[in-house]
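Source file: work-v9.cif (mmCIF, C-alpha atoms and all ligand atoms)
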```cif
data_input
loop_
_atom_site.group_PDB
_atom_site.id
_atom_site.type_symbol
_atom_site.label_atom_id
_atom_site.label_comp_id
_atom_site.auth_asym_id
_atom_site.auth_seq_id
_atom_site.Cartn_x
_atom_site.Cartn_y
_atom_site.Cartn_z
ATOM 1 C CA MET A 239 -89.793 34.471 -4.875
ATOM 2 C CA PRO A 240 -88.851 34.078 -8.526
ATOM 3 C CA SER A 241 -86.267 31.608 -9.693
ATOM 4 C CA TYR A 242 -83.446 32.508 -12.102
ATOM 5 C CA GLN A 243 -80.966 30.331 -13.902
ATOM 6 C CA LEU A 244 -77.573 31.488 -15.088
ATOM 7 C CA THR A 245 -74.170 30.005 -15.763
ATOM 8 C CA VAL A 246 -71.472 31.064 -13.335
ATOM 9 C CA ASN A 247 -67.888 30.069 -14.071
ATOM 10 C CA GLY A 248 -69.135 27.329 -16.357
ATOM 11 C CA ARG A 249 -71.628 25.868 -13.919
ATOM 12 C CA VAL A 250 -75.399 26.236 -14.253
ATOM 13 C CA ARG A 251 -76.819 27.792 -11.104
ATOM 14 C CA THR A 252 -80.407 28.419 -10.043
ATOM 15 C CA VAL A 253 -81.117 31.166 -7.533
ATOM 16 C CA ASP A 254 -84.308 32.257 -5.833
ATOM 17 C CA VAL A 255 -84.069 36.006 -5.330
ATOM 18 C CA ASP A 256 -86.049 39.148 -6.107
ATOM 19 C CA ALA A 257 -85.862 40.280 -9.726
ATOM 20 C CA ASP A 258 -84.001 43.469 -8.886
ATOM 21 C CA THR A 259 -81.356 41.831 -6.710
ATOM 22 C CA PRO A 260 -77.973 42.958 -8.027
ATOM 23 C CA LEU A 261 -75.856 40.209 -9.522
ATOM 24 C CA LEU A 262 -73.137 41.286 -7.066
ATOM 25 C CA TRP A 263 -75.201 40.107 -4.117
ATOM 26 C CA VAL A 264 -76.251 36.908 -5.859
ATOM 27 C CA LEU A 265 -72.589 36.094 -6.434
ATOM 28 C CA ARG A 266 -71.412 37.035 -2.966
ATOM 29 C CA ASP A 267 -74.321 36.163 -0.708
ATOM 30 C CA THR A 268 -76.263 33.478 -2.549
ATOM 31 C CA LEU A 269 -73.407 31.657 -4.256
ATOM 32 C CA GLY A 270 -70.585 32.462 -1.828
ATOM 33 C CA LEU A 271 -68.260 33.831 -4.518
ATOM 34 C CA THR A 272 -66.718 36.636 -2.512
ATOM 35 C CA GLY A 273 -63.875 37.422 -4.910
ATOM 36 C CA THR A 274 -66.090 40.065 -6.494
ATOM 37 C CA LYS A 275 -66.044 43.125 -4.270
ATOM 38 C CA PHE A 276 -68.583 45.721 -3.194
ATOM 39 C CA GLY A 277 -67.136 49.212 -3.357
ATOM 40 C CA CYS A 278 -69.687 51.918 -4.062
ATOM 41 C CA GLY A 279 -72.823 50.107 -5.150
ATOM 42 C CA GLN A 280 -73.414 52.954 -7.578
ATOM 43 C CA GLY A 281 -71.494 51.944 -10.669
ATOM 44 C CA VAL A 282 -68.584 54.326 -10.166
ATOM 45 C CA CYS A 283 -65.700 52.295 -8.672
ATOM 46 C CA GLY A 284 -65.445 49.122 -10.764
ATOM 47 C CA SER A 285 -64.579 46.807 -7.875
ATOM 48 C CA CYS A 286 -67.605 44.622 -8.654
ATOM 49 C CA THR A 287 -66.677 44.026 -12.316
ATOM 50 C CA VAL A 288 -67.398 40.579 -13.760
ATOM 51 C CA HIS A 289 -67.904 39.302 -17.298
ATOM 52 C CA LEU A 290 -71.393 38.840 -18.686
ATOM 53 C CA ASP A 291 -71.160 36.887 -21.943
ATOM 54 C CA GLY A 292 -67.551 38.023 -22.177
ATOM 55 C CA GLN A 293 -68.183 41.722 -21.615
ATOM 56 C CA ALA A 294 -67.001 43.532 -18.499
ATOM 57 C CA VAL A 295 -70.026 44.726 -16.525
ATOM 58 C CA LYS A 296 -70.554 46.174 -13.085
ATOM 59 C CA SER A 297 -72.369 43.509 -11.143
ATOM 60 C CA CYS A 298 -73.757 46.063 -8.669
ATOM 61 C CA GLN A 299 -75.656 47.617 -11.561
ATOM 62 C CA THR A 300 -76.810 44.364 -13.153
ATOM 63 C CA PRO A 301 -80.079 43.022 -11.731
ATOM 64 C CA ILE A 302 -80.383 39.261 -11.690
ATOM 65 C CA LYS A 303 -83.323 39.459 -14.107
ATOM 66 C CA ASP A 304 -80.895 40.807 -16.737
ATOM 67 C CA ALA A 305 -78.160 38.276 -15.965
ATOM 68 C CA ALA A 306 -80.522 35.285 -16.105
ATOM 69 C CA GLY A 307 -79.893 33.054 -19.093
ATOM 70 C CA HIS A 308 -76.412 34.455 -19.582
ATOM 71 C CA ALA A 309 -72.871 33.351 -18.775
ATOM 72 C CA VAL A 310 -71.117 35.060 -15.886
ATOM 73 C CA LEU A 311 -67.400 34.801 -15.256
ATOM 74 C CA THR A 312 -65.958 35.962 -11.941
ATOM 75 C CA VAL A 313 -62.372 36.270 -10.820
ATOM 76 C CA GLU A 314 -62.656 32.788 -9.299
ATOM 77 C CA GLY A 315 -63.404 31.393 -12.755
ATOM 78 C CA LEU A 316 -60.602 33.107 -14.653
ATOM 79 C CA SER A 317 -58.292 30.139 -14.048
ATOM 80 C CA LYS A 318 -58.055 27.302 -11.572
ATOM 81 C CA ASP A 319 -54.482 28.053 -10.566
ATOM 82 C CA GLY A 320 -53.678 31.686 -11.262
ATOM 83 C CA SER A 321 -52.328 30.822 -14.693
ATOM 84 C CA HIS A 322 -54.395 33.281 -16.743
ATOM 85 C CA PRO A 323 -52.001 35.693 -18.512
ATOM 86 C CA VAL A 324 -53.539 38.645 -16.692
ATOM 87 C CA GLN A 325 -53.081 36.989 -13.298
ATOM 88 C CA LYS A 326 -49.486 36.128 -14.121
ATOM 89 C CA ALA A 327 -48.773 39.672 -15.299
ATOM 90 C CA TRP A 328 -50.391 41.086 -12.162
ATOM 91 C CA ILE A 329 -48.066 39.032 -10.008
ATOM 92 C CA ALA A 330 -45.004 39.836 -12.121
ATOM 93 C CA GLU A 331 -45.722 43.567 -11.915
ATOM 94 C CA ASP A 332 -46.623 43.335 -8.226
ATOM 95 C CA VAL A 333 -49.745 45.380 -8.950
ATOM 96 C CA ALA A 334 -51.816 44.888 -5.821
ATOM 97 C CA GLN A 335 -51.394 46.898 -2.667
ATOM 98 C CA CYS A 336 -54.382 46.423 -0.347
ATOM 99 C CA GLY A 337 -55.920 44.358 -3.145
ATOM 100 C CA TYR A 338 -59.523 45.397 -2.651
ATOM 101 C CA CYS A 339 -60.076 46.843 -6.122
ATOM 102 C CA GLN A 340 -57.977 44.238 -7.885
ATOM 103 C CA PRO A 341 -60.515 41.529 -8.819
ATOM 104 C CA GLY A 342 -62.477 44.159 -10.732
ATOM 105 C CA MET A 343 -59.331 45.507 -12.362
ATOM 106 C CA ILE A 344 -58.264 42.008 -13.403
ATOM 107 C CA MET A 345 -61.647 41.242 -14.941
ATOM 108 C CA THR A 346 -61.596 44.486 -16.900
ATOM 109 C CA ALA A 347 -58.066 43.715 -18.108
ATOM 110 C CA ALA A 348 -59.093 40.232 -19.234
ATOM 111 C CA ALA A 349 -62.103 41.591 -21.124
ATOM 112 C CA LEU A 350 -60.009 44.332 -22.725
ATOM 113 C CA LEU A 351 -57.373 41.876 -23.965
ATOM 114 C CA LYS A 352 -60.047 39.608 -25.360
ATOM 115 C CA ARG A 353 -61.400 42.336 -27.582
ATOM 116 C CA LYS A 354 -58.060 44.011 -28.278
ATOM 117 C CA ALA A 355 -54.926 41.879 -28.128
ATOM 118 C CA HIS A 356 -52.511 44.829 -28.043
ATOM 119 C CA PRO A 357 -54.216 47.812 -26.447
ATOM 120 C CA THR A 358 -52.675 51.268 -26.587
ATOM 121 C CA ASP A 359 -52.244 53.490 -23.548
ATOM 122 C CA ALA A 360 -55.419 55.288 -24.597
ATOM 123 C CA ASP A 361 -57.307 51.974 -24.841
ATOM 124 C CA ILE A 362 -56.128 51.036 -21.360
ATOM 125 C CA ASP A 363 -56.992 54.413 -19.884
ATOM 126 C CA ASP A 364 -60.404 54.234 -21.497
ATOM 127 C CA ALA A 365 -61.095 50.687 -20.227
ATOM 128 C CA PHE A 366 -60.102 51.603 -16.671
ATOM 129 C CA ALA A 367 -61.646 55.079 -16.633
ATOM 130 C CA ASP A 368 -64.322 54.063 -14.167
ATOM 131 C CA HIS A 369 -62.130 52.024 -11.844
ATOM 132 C CA VAL A 370 -61.064 53.567 -8.573
ATOM 133 C CA CYS A 371 -57.974 52.387 -6.700
ATOM 134 C CA ARG A 372 -57.385 54.136 -3.415
ATOM 135 C CA CYS A 373 -53.846 52.770 -3.383
ATOM 136 C CA GLY A 374 -53.036 54.396 -6.729
ATOM 137 C CA THR A 375 -51.913 51.289 -8.589
ATOM 138 C CA TYR A 376 -52.851 52.767 -11.983
ATOM 139 C CA PRO A 377 -49.302 52.873 -13.473
ATOM 140 C CA ARG A 378 -48.702 49.243 -12.529
ATOM 141 C CA VAL A 379 -52.095 48.249 -13.899
ATOM 142 C CA ARG A 380 -51.059 49.743 -17.214
ATOM 143 C CA SER A 381 -47.718 47.906 -17.148
ATOM 144 C CA ALA A 382 -49.394 44.627 -16.275
ATOM 145 C CA VAL A 383 -51.928 44.914 -19.074
ATOM 146 C CA LYS A 384 -49.066 45.456 -21.507
ATOM 147 C CA ARG A 385 -47.133 42.546 -20.071
ATOM 148 C CA ALA A 386 -50.186 40.302 -20.378
ATOM 149 C CA ALA A 387 -50.522 41.438 -23.991
ATOM 150 C CA GLY A 388 -46.958 40.333 -24.587
ATOM 151 C CA GLY A 389 -45.819 43.823 -25.414
ATOM 152 C CA ALA A 390 -43.298 46.206 -23.900
ATOM 153 C CA LYS A 391 -43.994 47.547 -20.453
HETATM 154 S S1 LIG B 401 -69.477 48.423 -6.371
HETATM 155 FE FE1 LIG B 401 -70.096 48.301 -8.436
HETATM 156 S S2 LIG B 401 -69.099 49.972 -9.407
HETATM 157 FE FE2 LIG B 401 -68.608 50.199 -7.299
HETATM 158 S S1 LIG B 402 -54.979 48.057 -4.422
HETATM 159 FE FE1 LIG B 402 -55.907 49.061 -2.741
HETATM 160 S S2 LIG B 402 -57.696 49.991 -3.601
HETATM 161 FE FE2 LIG B 402 -56.600 49.269 -5.306
#
```
Render the structure in this file as structure tokens.
Amino acid sequence: MPSYQLTVNGRVRTVDVDADTPLLWVLRDTLGLTGTKFGCGQGVCGSCTVHLDGQAVKSCQTPIKDAAGHAVLTVEGLSKDGSHPVQKAWIAEDVAQCGYCQPGMIMTAAALLKRKAHPTDADIDDAFADHVCRCGTYPRVRSAVKRAAGGAK
């Protein structure tokens, strides 16, 4: 079985898995980082979103061979103590209901705010267009992104 090296939450990791193994399963099953969730496995729900070199990607659609040599950030690596501005805004806005989709939402929000400090409603809608929340938290997600950006709700 081939061996792949990647950086996960700042730590160099080596994994022995098939080339086409989705990054999602490497994170969850090989590395035990279960914060990243499996929703659809088809790239349409966003629950598996992580950062790859700072960009939000769907880990279910990212084979390990493409992630090798790159830096992955998962929700566990966003902060040690929940102090990332997005995490704080999520708590302040009480965004989560069941919570299942939320790690992916939070990672997309963090990536969005990195590339655009003060996103418009259209920017937010665009960034979250392929996220599905069965609990319908979309309005609170929008408020939390704005709060994290330091703008009006
Ligand atoms: S599990 Fe990856 S997009 Fe749904
Ligand atoms: S909070 Fe339940 S699916 Fe989004």
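The shell of residues at most 7 Å from Leu350 in chain A, with all atoms listed in the file counted and near chain neighbours (fewer than 4 positions) removed, consists of Thr346, Lys354 and Ala365 of chain A.
One finds atom FE2 of ligand LIG 401 (chain B) at 8.6 Å from CA of Gln299 in chain A.
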Counting all atoms listed in the file, which residues of chain A sit at most 12 Å from some atom of ligand LIG 401 (chain B), and what is each one's closest atom pair with its distance in Å to one decimal, listed by chain and rising residue number, as CSV?
```
residue,atom,partner,partner_atom,distance
A:Pro260,CA,B:LIG401,FE1,9.5
A:Leu261,CA,B:LIG401,FE1,10.0
A:Leu262,CA,B:LIG401,FE1,7.8
A:Trp263,CA,B:LIG401,S1,10.3
A:Thr274,CA,B:LIG401,S1,9.0
A:Lys275,CA,B:LIG401,S1,6.7
A:Phe276,CA,B:LIG401,S1,4.3
A:Gly277,CA,B:LIG401,S1,3.9
A:Cys278,CA,B:LIG401,FE2,3.8
A:Gly279,CA,B:LIG401,S1,3.9
A:Gln280,CA,B:LIG401,FE2,5.5
A:Gly281,CA,B:LIG401,S2,3.3
A:Val282,CA,B:LIG401,S2,4.4
A:Cys283,CA,B:LIG401,FE2,3.8
A:Gly284,CA,B:LIG401,S2,4.0
A:Ser285,CA,B:LIG401,FE2,5.3
A:Cys286,CA,B:LIG401,FE1,4.4
A:Thr287,CA,B:LIG401,FE1,6.7
A:Val288,CA,B:LIG401,FE1,9.8
A:Ala294,CA,B:LIG401,S2,11.3
A:Val295,CA,B:LIG401,FE1,8.8
A:Lys296,CA,B:LIG401,FE1,5.1
A:Ser297,CA,B:LIG401,FE1,6.0
A:Cys298,CA,B:LIG401,FE1,4.3
A:Gln299,CA,B:LIG401,FE1,6.4
A:Thr300,CA,B:LIG401,FE1,9.1
A:Pro301,CA,B:LIG401,FE1,11.8
A:Tyr338,CA,B:LIG401,S1,11.0
A:Cys339,CA,B:LIG401,FE2,9.2
A:Pro341,CA,B:LIG401,S1,11.6
A:Gly342,CA,B:LIG401,S2,8.9
A:Met343,CA,B:LIG401,S2,11.1
A:Thr346,CA,B:LIG401,S2,11.9
A:Phe366,CA,B:LIG401,S2,11.7
A:Ala367,CA,B:LIG401,S2,11.6
A:Asp368,CA,B:LIG401,S2,7.9
A:His369,CA,B:LIG401,S2,7.7
A:Val370,CA,B:LIG401,FE2,8.4
A:Cys371,CA,B:LIG401,FE2,10.9
```
Inset, instruction - Could you check how far CA of Gly337 in chain A sits from CA of Leu269 in chain A, in Å to one decimal? - result: 21.6 Å
Inset, instruction - Can you give me, as number ranges by chain, the residues this file yields under the PyMOL selection byres (((chain A and resi 290) around 6) and not hetatm)? - result: A: 289, 291-293, 309-310
Inset, instruction - Work out how far apart CA of Ile344 in chain A and atom FE1 of ligand LIG 402 (chain B) are and give it in Å to one decimal. - result: 13.0 Å
Inset, instruction - Output the residue selection produced by the PyMOL selection byres (((chain A and resi 379) around 12) and not hetatm) on the file above, formatted as a PyMOL selection string. - result: chain A and resi 324-325+327-335+339-348+359+362-363+365-366+369-371+373-378+380-386+391
I need the chosen residues saved as a short mmCIF file (atom, residue, chain, number, x, y, z; two decimals), keeping the file's coordinate frame, with C-alpha atoms.
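That gives us result.cif:
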```cif
data_model
loop_
_atom_site.label_atom_id
_atom_site.label_comp_id
_atom_site.auth_asym_id
_atom_site.auth_seq_id
_atom_site.Cartn_x
_atom_site.Cartn_y
_atom_site.Cartn_z
CA VAL A 324 -53.54 38.65 -16.69
CA GLN A 325 -53.08 36.99 -13.30
CA ALA A 327 -48.77 39.67 -15.30
CA TRP A 328 -50.39 41.09 -12.16
CA ILE A 329 -48.07 39.03 -10.01
CA ALA A 330 -45.00 39.84 -12.12
CA GLU A 331 -45.72 43.57 -11.92
CA ASP A 332 -46.62 43.34 -8.23
CA VAL A 333 -49.74 45.38 -8.95
CA ALA A 334 -51.82 44.89 -5.82
CA GLN A 335 -51.39 46.90 -2.67
CA CYS A 339 -60.08 46.84 -6.12
CA GLN A 340 -57.98 44.24 -7.88
CA PRO A 341 -60.52 41.53 -8.82
CA GLY A 342 -62.48 44.16 -10.73
CA MET A 343 -59.33 45.51 -12.36
CA ILE A 344 -58.26 42.01 -13.40
CA MET A 345 -61.65 41.24 -14.94
CA THR A 346 -61.60 44.49 -16.90
CA ALA A 347 -58.07 43.72 -18.11
CA ALA A 348 -59.09 40.23 -19.23
CA ASP A 359 -52.24 53.49 -23.55
CA ILE A 362 -56.13 51.04 -21.36
CA ASP A 363 -56.99 54.41 -19.88
CA ALA A 365 -61.10 50.69 -20.23
CA PHE A 366 -60.10 51.60 -16.67
CA HIS A 369 -62.13 52.02 -11.84
CA VAL A 370 -61.06 53.57 -8.57
CA CYS A 371 -57.97 52.39 -6.70
CA CYS A 373 -53.85 52.77 -3.38
CA GLY A 374 -53.04 54.40 -6.73
CA THR A 375 -51.91 51.29 -8.59
CA TYR A 376 -52.85 52.77 -11.98
CA PRO A 377 -49.30 52.87 -13.47
CA ARG A 378 -48.70 49.24 -12.53
CA ARG A 380 -51.06 49.74 -17.21
CA SER A 381 -47.72 47.91 -17.15
CA ALA A 382 -49.39 44.63 -16.27
CA VAL A 383 -51.93 44.91 -19.07
CA LYS A 384 -49.07 45.46 -21.51
CA ARG A 385 -47.13 42.55 -20.07
CA ALA A 386 -50.19 40.30 -20.38
CA LYS A 391 -43.99 47.55 -20.45
#
```
Using the atoms already present, construct N, CA and C atoms for range 239-253 of chain A and hand them back as an mmCIF file, in the frame of the given file.
```cif
data_model
loop_
_atom_site.group_PDB
_atom_site.id
_atom_site.type_symbol
_atom_site.label_atom_id
_atom_site.label_comp_id
_atom_site.auth_asym_id
_atom_site.auth_seq_id
_atom_site.Cartn_x
_atom_site.Cartn_y
_atom_site.Cartn_z
ATOM 1 N N MET A 239 -90.962 33.789 -4.307
ATOM 2 C CA MET A 239 -89.793 34.471 -4.875
ATOM 3 C C MET A 239 -89.432 33.840 -6.223
ATOM 4 N N PRO A 240 -89.153 34.667 -7.222
ATOM 5 C CA PRO A 240 -88.851 34.078 -8.526
ATOM 6 C C PRO A 240 -87.535 33.309 -8.548
ATOM 7 N N SER A 241 -87.442 32.440 -9.537
ATOM 8 C CA SER A 241 -86.267 31.608 -9.693
ATOM 9 C C SER A 241 -85.554 31.996 -10.984
ATOM 10 N N TYR A 242 -84.220 32.127 -10.914
ATOM 11 C CA TYR A 242 -83.446 32.508 -12.102
ATOM 12 C C TYR A 242 -82.313 31.524 -12.301
ATOM 13 N N GLN A 243 -82.064 31.236 -13.574
ATOM 14 C CA GLN A 243 -80.966 30.331 -13.902
ATOM 15 C C GLN A 243 -79.907 31.090 -14.703
ATOM 16 N N LEU A 244 -78.684 30.867 -14.355
ATOM 17 C CA LEU A 244 -77.573 31.488 -15.088
ATOM 18 C C LEU A 244 -76.368 30.562 -14.974
ATOM 19 N N THR A 245 -75.401 30.803 -15.836
ATOM 20 C CA THR A 245 -74.170 30.005 -15.763
ATOM 21 C C THR A 245 -73.108 30.860 -15.091
ATOM 22 N N VAL A 246 -72.517 30.330 -14.047
ATOM 23 C CA VAL A 246 -71.472 31.064 -13.335
ATOM 24 C C VAL A 246 -70.200 30.227 -13.349
ATOM 25 N N ASN A 247 -69.171 30.768 -13.958
ATOM 26 C CA ASN A 247 -67.888 30.069 -14.071
ATOM 27 C C ASN A 247 -68.074 28.657 -14.630
ATOM 28 N N GLY A 248 -68.940 28.581 -15.638
ATOM 29 C CA GLY A 248 -69.135 27.329 -16.357
ATOM 30 C C GLY A 248 -70.121 26.368 -15.734
ATOM 31 N N ARG A 249 -70.703 26.767 -14.619
ATOM 32 C CA ARG A 249 -71.628 25.868 -13.919
ATOM 33 C C ARG A 249 -73.023 26.492 -13.899
ATOM 34 N N VAL A 250 -74.028 25.717 -14.254
ATOM 35 C CA VAL A 250 -75.399 26.236 -14.253
ATOM 36 C C VAL A 250 -75.870 26.358 -12.807
ATOM 37 N N ARG A 251 -76.353 27.544 -12.470
ATOM 38 C CA ARG A 251 -76.819 27.792 -11.104
ATOM 39 C C ARG A 251 -78.259 28.301 -11.150
ATOM 40 N N THR A 252 -79.046 27.918 -10.166
ATOM 41 C CA THR A 252 -80.407 28.419 -10.043
ATOM 42 C C THR A 252 -80.508 29.148 -8.716
ATOM 43 N N VAL A 253 -81.026 30.373 -8.765
ATOM 44 C CA VAL A 253 -81.117 31.166 -7.533
ATOM 45 C C VAL A 253 -82.535 31.690 -7.369
#
```
